[in-house]
Every structure is written in structure tokens, then in C-alpha cells.
file run.pdb (PDB, C-alpha atoms)
ATOM      1  CA  GLN A 179     -35.754  -2.321 -27.297  1.00  0.00           C
ATOM      2  CA  VAL A 180     -37.875  -4.070 -29.898  1.00  0.00           C
ATOM      3  CA  GLN A 181     -39.612  -2.214 -32.703  1.00  0.00           C
ATOM      4  CA  LEU A 182     -42.247  -3.442 -35.107  1.00  0.00           C
ATOM      5  CA  VAL A 183     -42.863  -1.567 -38.327  1.00  0.00           C
ATOM      6  CA  GLU A 184     -45.849  -2.387 -40.492  1.00  0.00           C
ATOM      7  CA  SER A 185     -46.315  -1.520 -44.140  1.00  0.00           C
ATOM      8  CA  GLY A 186     -48.573  -2.371 -47.045  1.00  0.00           C
ATOM      9  CA  GLY A 187     -51.860  -0.821 -46.051  1.00  0.00           C
ATOM     10  CA  GLY A 188     -53.915   1.333 -48.366  1.00  0.00           C
ATOM     11  CA  LEU A 189     -57.196   2.006 -50.093  1.00  0.00           C
ATOM     12  CA  VAL A 190     -58.539  -0.774 -52.297  1.00  0.00           C
ATOM     13  CA  GLN A 191     -61.808  -1.827 -53.846  1.00  0.00           C
ATOM     14  CA  PRO A 192     -63.889  -4.813 -52.750  1.00  0.00           C
ATOM     15  CA  GLY A 193     -62.417  -8.017 -54.145  1.00  0.00           C
ATOM     16  CA  ASP A 194     -58.889  -6.635 -54.324  1.00  0.00           C
ATOM     17  CA  SER A 195     -55.837  -7.941 -52.508  1.00  0.00           C
ATOM     18  CA  LEU A 196     -53.216  -6.435 -50.221  1.00  0.00           C
ATOM     19  CA  ARG A 197     -50.173  -7.791 -48.483  1.00  0.00           C
ATOM     20  CA  LEU A 198     -49.159  -6.396 -45.121  1.00  0.00           C
ATOM     21  CA  SER A 199     -45.623  -6.749 -43.826  1.00  0.00           C
ATOM     22  CA  CYS A 200     -44.252  -6.341 -40.335  1.00  0.00           C
ATOM     23  CA  VAL A 201     -40.542  -6.221 -39.619  1.00  0.00           C
ATOM     24  CA  ALA A 202     -39.269  -6.696 -36.075  1.00  0.00           C
ATOM     25  CA  SER A 203     -35.939  -5.206 -35.094  1.00  0.00           C
ATOM     26  CA  GLY A 204     -33.935  -4.811 -31.922  1.00  0.00           C
ATOM     27  CA  SER A 205     -32.934  -7.170 -29.170  1.00  0.00           C
ATOM     28  CA  ILE A 206     -35.258 -10.077 -29.781  1.00  0.00           C
ATOM     29  CA  SER A 207     -35.087 -13.250 -27.807  1.00  0.00           C
ATOM     30  CA  SER A 208     -36.959 -16.347 -28.779  1.00  0.00           C
ATOM     31  CA  ILE A 209     -40.169 -15.415 -30.574  1.00  0.00           C
ATOM     32  CA  ASN A 210     -43.173 -17.500 -29.626  1.00  0.00           C
ATOM     33  CA  TYR A 211     -45.852 -15.869 -31.729  1.00  0.00           C
ATOM     34  CA  MET A 212     -46.272 -13.203 -34.344  1.00  0.00           C
ATOM     35  CA  GLY A 213     -49.569 -12.082 -35.668  1.00  0.00           C
ATOM     36  CA  TRP A 214     -52.084  -9.429 -36.565  1.00  0.00           C
ATOM     37  CA  TYR A 215     -54.964  -7.741 -34.842  1.00  0.00           C
ATOM     38  CA  ARG A 216     -57.279  -5.156 -36.332  1.00  0.00           C
ATOM     39  CA  GLN A 217     -59.521  -2.436 -35.002  1.00  0.00           C
ATOM     40  CA  ALA A 218     -62.361  -0.914 -36.939  1.00  0.00           C
ATOM     41  CA  PRO A 219     -63.884   2.451 -35.991  1.00  0.00           C
ATOM     42  CA  GLY A 220     -66.119   2.092 -32.961  1.00  0.00           C
ATOM     43  CA  LYS A 221     -65.232  -1.567 -32.475  1.00  0.00           C
ATOM     44  CA  GLN A 222     -62.953  -3.526 -30.196  1.00  0.00           C
ATOM     45  CA  ARG A 223     -59.610  -4.778 -31.377  1.00  0.00           C
ATOM     46  CA  GLU A 224     -59.908  -8.319 -32.709  1.00  0.00           C
ATOM     47  CA  SER A 225     -57.433 -11.036 -33.533  1.00  0.00           C
ATOM     48  CA  VAL A 226     -57.036 -11.692 -37.235  1.00  0.00           C
ATOM     49  CA  ALA A 227     -54.282 -14.279 -37.590  1.00  0.00           C
ATOM     50  CA  GLN A 228     -51.363 -15.681 -35.650  1.00  0.00           C
ATOM     51  CA  THR A 229     -48.378 -17.863 -36.402  1.00  0.00           C
ATOM     52  CA  ALA A 230     -46.455 -19.789 -33.785  1.00  0.00           C
ATOM     53  CA  SER A 231     -42.781 -20.665 -33.737  1.00  0.00           C
ATOM     54  CA  SER A 232     -43.852 -24.213 -34.559  1.00  0.00           C
ATOM     55  CA  GLY A 233     -45.331 -22.975 -37.799  1.00  0.00           C
ATOM     56  CA  SER A 234     -48.924 -23.505 -36.796  1.00  0.00           C
ATOM     57  CA  THR A 235     -51.401 -20.808 -37.735  1.00  0.00           C
ATOM     58  CA  THR A 236     -54.780 -19.659 -36.507  1.00  0.00           C
ATOM     59  CA  TYR A 237     -57.313 -17.382 -38.134  1.00  0.00           C
ATOM     60  CA  ALA A 238     -60.442 -15.519 -37.226  1.00  0.00           C
ATOM     61  CA  ASP A 239     -63.496 -17.148 -38.765  1.00  0.00           C
ATOM     62  CA  SER A 240     -64.229 -13.957 -40.669  1.00  0.00           C
ATOM     63  CA  VAL A 241     -60.979 -14.192 -42.661  1.00  0.00           C
ATOM     64  CA  LYS A 242     -60.510 -17.943 -43.096  1.00  0.00           C
ATOM     65  CA  GLY A 243     -59.998 -18.854 -46.727  1.00  0.00           C
ATOM     66  CA  ARG A 244     -59.228 -15.256 -47.667  1.00  0.00           C
ATOM     67  CA  PHE A 245     -56.212 -14.262 -45.533  1.00  0.00           C
ATOM     68  CA  THR A 246     -52.923 -16.090 -45.197  1.00  0.00           C
ATOM     69  CA  ILE A 247     -50.294 -15.394 -42.566  1.00  0.00           C
ATOM     70  CA  SER A 248     -46.686 -16.316 -43.175  1.00  0.00           C
ATOM     71  CA  ARG A 249     -43.382 -15.691 -41.486  1.00  0.00           C
ATOM     72  CA  ASP A 250     -39.747 -15.326 -42.446  1.00  0.00           C
ATOM     73  CA  ASN A 251     -37.811 -16.176 -39.310  1.00  0.00           C
ATOM     74  CA  ALA A 252     -34.483 -15.149 -40.799  1.00  0.00           C
ATOM     75  CA  LYS A 253     -35.844 -11.652 -41.363  1.00  0.00           C
ATOM     76  CA  ASN A 254     -38.039 -11.489 -38.242  1.00  0.00           C
ATOM     77  CA  THR A 255     -40.859 -10.580 -40.568  1.00  0.00           C
ATOM     78  CA  VAL A 256     -44.478 -11.607 -40.650  1.00  0.00           C
ATOM     79  CA  TYR A 257     -46.794 -11.125 -43.607  1.00  0.00           C
ATOM     80  CA  LEU A 258     -50.548 -11.050 -44.027  1.00  0.00           C
ATOM     81  CA  GLN A 259     -51.782 -11.764 -47.525  1.00  0.00           C
ATOM     82  CA  MET A 260     -55.341 -10.505 -47.778  1.00  0.00           C
ATOM     83  CA  ASN A 261     -57.433 -11.585 -50.752  1.00  0.00           C
ATOM     84  CA  SER A 262     -61.065 -10.992 -51.679  1.00  0.00           C
ATOM     85  CA  LEU A 263     -61.178  -7.973 -49.420  1.00  0.00           C
ATOM     86  CA  LYS A 264     -64.549  -6.780 -48.168  1.00  0.00           C
ATOM     87  CA  PRO A 265     -65.669  -3.403 -46.825  1.00  0.00           C
ATOM     88  CA  GLU A 266     -65.948  -4.987 -43.374  1.00  0.00           C
ATOM     89  CA  ASP A 267     -62.196  -5.646 -43.474  1.00  0.00           C
ATOM     90  CA  THR A 268     -61.657  -1.898 -43.182  1.00  0.00           C
ATOM     91  CA  ALA A 269     -59.621  -1.286 -40.036  1.00  0.00           C
ATOM     92  CA  VAL A 270     -56.254  -0.370 -38.641  1.00  0.00           C
ATOM     93  CA  TYR A 271     -54.141  -3.513 -38.663  1.00  0.00           C
ATOM     94  CA  TYR A 272     -51.605  -3.999 -35.880  1.00  0.00           C
ATOM     95  CA  CYS A 273     -48.722  -6.412 -35.870  1.00  0.00           C
ATOM     96  CA  TYR A 274     -47.590  -8.007 -32.615  1.00  0.00           C
ATOM     97  CA  LEU A 275     -44.804 -10.218 -31.356  1.00  0.00           C
ATOM     98  CA  LEU A 276     -44.828 -12.375 -28.237  1.00  0.00           C
ATOM     99  CA  THR A 277     -41.792 -13.798 -26.510  1.00  0.00           C
ATOM    100  CA  HIS A 278     -41.878 -15.869 -23.346  1.00  0.00           C
ATOM    101  CA  ALA A 279     -41.761 -12.699 -21.275  1.00  0.00           C
ATOM    102  CA  SER A 280     -42.907  -9.727 -23.339  1.00  0.00           C
ATOM    103  CA  GLU A 281     -45.249  -8.512 -25.999  1.00  0.00           C
ATOM    104  CA  TYR A 282     -44.600  -5.836 -28.588  1.00  0.00           C
ATOM    105  CA  TRP A 283     -46.878  -3.943 -30.935  1.00  0.00           C
ATOM    106  CA  GLY A 284     -46.501  -1.993 -34.118  1.00  0.00           C
ATOM    107  CA  GLN A 285     -48.005   1.411 -34.753  1.00  0.00           C
ATOM    108  CA  GLY A 286     -50.666   0.111 -37.108  1.00  0.00           C
ATOM    109  CA  THR A 287     -51.399   0.435 -40.797  1.00  0.00           C
ATOM    110  CA  GLN A 288     -54.725   1.527 -42.248  1.00  0.00           C
ATOM    111  CA  VAL A 289     -56.594  -0.746 -44.626  1.00  0.00           C
ATOM    112  CA  THR A 290     -59.652   0.739 -46.306  1.00  0.00           C
ATOM    113  CA  VAL A 291     -61.869  -1.307 -48.596  1.00  0.00           C
ATOM    114  CA  SER A 292     -64.344   0.856 -50.447  1.00  0.00           C
ATOM    115  CA  SER A 293     -65.853   1.227 -53.874  1.00  0.00           C
TER     116      SER A 293
END
call {"tool": "encode", "arguments": {"input": "run.pdb", "output": "C-alpha cells"}}
result
Amino acid sequence: QVQLVESGGGLVQPGDSLRLSCVASGSISSINYMGWYRQAPGKQRESVAQTASSGSTTYADSVKGRFTISRDNAKNTVYLQMNSLKPEDTAVYYCYLLTHASEYWGQGTQVTVSS
């Protein structure tokens, strides 16, 4: 059984920064991808950022230049550094992990950007 536990969410003001963390534990085979999705109230879940085992990264256009995804393979942890936060970044952020055969999701962490 694989578990993902996110942390680092909270309430911040526009322009502030937050760093989300996601730790994977359990019986984990080769990890292909780790990343983050988010879901705002009344909206569909959308991909935010992803990092592959090769080290390559992809970002949603809406967060490019502001968010940075990174990964510590030794700790099975993925991070999302979020800078210059905007009210439209308000959402529940979900971490995920993809192996060659399975996908796993965290429980989500709330990020609220409001003045």
C-alpha cells in the first residue's frame, strides 16, 4: 500500500510564497512521475506541474515562471515552490505518483490566496 501525505498549504496574501511537500511511503516500485494537480471550487481538477524520473518537468501555462517543482528521490518526496501567488491559485492541491502500473493520490492540501 502506497500513501501520499501533503503538507504546506495555508492562507496567504497575494504575492506571497508557499512550499508544498508530498511524501510517499509504502511499497513503491519504480516511480515514473510525481506531480501536482489542483481543484478550485466549482472547477475541474487541473494539472499544475509534473516531474519525470528523467528529471524533466512540465508546468501549466498559468503557473510557469512562478511555480517550481522539485523532487528528492532518496526521500520519495516532491515539492512545489509557489511564488507570486494570486487569488486564482486558490484551490485544493493534490499530489500524485505514477508507476508503470498504478497511480496514487494524496488527500489534498488547501491553498487560499486572499487579501
call {"tool": "resolve_selection", "arguments": {"input": "run.pdb", "expression": "the PyMOL selection byres ((chain A and resi 257) around 7)", "output": "MDAnalysis selection string"}}
result
chainID A and resid 197:200 247:249 255:256 258:259
call {"tool": "residues_around", "arguments": {"input": "run.pdb", "residues": "A:Val183", "least_positions_apart": "3", "cutoff": "7 Å", "atoms": "all atoms listed in the file", "output": "PyMOL selection string"}}
result
chain A and resi 200-202+284-285
call {"tool": "closest_residue", "arguments": {"input": "run.pdb", "among": "A:Met212, A:Ala269, A:Leu276, A:Val180", "to": "A:Thr236", "atoms": "all atoms listed in the file"}}
result
A:Met212
call {"tool": "resolve_selection", "arguments": {"input": "run.pdb", "expression": "the PyMOL selection byres ((chain A and resi 260-265) around 7)", "output": "list in words"}}
result
Pro192, Gly193, Asp194, Ser195, Leu196, Arg197, Arg244, Phe245, Thr246, Leu258, Gln259, Glu266, Asp267, Thr268, Val291 and Ser292 of chain A
call {"tool": "resolve_selection", "arguments": {"input": "run.pdb", "expression": "the PyMOL selection byres ((chain A and resi 208) around 10)", "output": "JSON, numbers by chain"}}
result
{"A": [206, 207, 209, 210, 211, 231, 276, 277, 278, 279]}
call {"tool": "atom_distance", "arguments": {"input": "run.pdb", "atom1": "atom CA of A:Pro219", "atom2": "atom CA of A:Ser203"}}
result
29.0 Å
call {"tool": "closest_residue", "arguments": {"input": "run.pdb", "among": "A:Glu281, A:Trp214, A:Ser205, A:Lys253", "to": "A:Tyr237", "atoms": "all atoms listed in the file"}}
result
A:Trp214
call {"tool": "closest_residue", "arguments": {"input": "run.pdb", "among": "A:Gln288, A:Ser280, A:Gly186, A:Tyr271", "to": "A:Glu224", "atoms": "all atoms listed in the file"}}
result
A:Tyr271
call {"tool": "residues_around", "arguments": {"input": "run.pdb", "residues": "A:Tyr215", "least_positions_apart": "6", "cutoff": "10 Å", "atoms": "all atoms listed in the file", "output": "ChimeraX atom specification"}}
result
/A:223-228,238,269-274,283,286
call {"tool": "write_last_selection", "arguments": {"input": "run.pdb", "atoms": "C-alpha atoms", "output": "PDB file, in the frame of the given file"}}
result
ATOM      1  CA  ARG A 223     -59.610  -4.778 -31.377  1.00  0.00           C
ATOM      2  CA  GLU A 224     -59.908  -8.319 -32.709  1.00  0.00           C
ATOM      3  CA  SER A 225     -57.433 -11.036 -33.533  1.00  0.00           C
ATOM      4  CA  VAL A 226     -57.036 -11.692 -37.235  1.00  0.00           C
ATOM      5  CA  ALA A 227     -54.282 -14.279 -37.590  1.00  0.00           C
ATOM      6  CA  GLN A 228     -51.363 -15.681 -35.650  1.00  0.00           C
ATOM      7  CA  ALA A 238     -60.442 -15.519 -37.226  1.00  0.00           C
ATOM      8  CA  ALA A 269     -59.621  -1.286 -40.036  1.00  0.00           C
ATOM      9  CA  VAL A 270     -56.254  -0.370 -38.641  1.00  0.00           C
ATOM     10  CA  TYR A 271     -54.141  -3.513 -38.663  1.00  0.00           C
ATOM     11  CA  TYR A 272     -51.605  -3.999 -35.880  1.00  0.00           C
ATOM     12  CA  CYS A 273     -48.722  -6.412 -35.870  1.00  0.00           C
ATOM     13  CA  TYR A 274     -47.590  -8.007 -32.615  1.00  0.00           C
ATOM     14  CA  TRP A 283     -46.878  -3.943 -30.935  1.00  0.00           C
ATOM     15  CA  GLY A 286     -50.666   0.111 -37.108  1.00  0.00           C
TER      16      GLY A 286
END
call {"tool": "atom_distance", "arguments": {"input": "run.pdb", "atom1": "atom CA of A:Tyr282", "atom2": "atom CA of A:Asp250"}}
result
17.5 Å
call {"tool": "axis_aligned_box", "arguments": {"input": "run.pdb", "around": "stretch 258-267 of chain A", "padding_each_side": "6 Å", "output": "AutoDock Vina command-line options"}}
result
--center_x -58.2 --center_y -7.6 --center_z -47.5 --size_x 27.4 --size_y 20.4 --size_z 20.3
call {"tool": "atom_distance", "arguments": {"input": "run.pdb", "atom1": "atom CA of A:Gln217", "atom2": "atom CA of A:Glu184"}}
result
14.7 Å
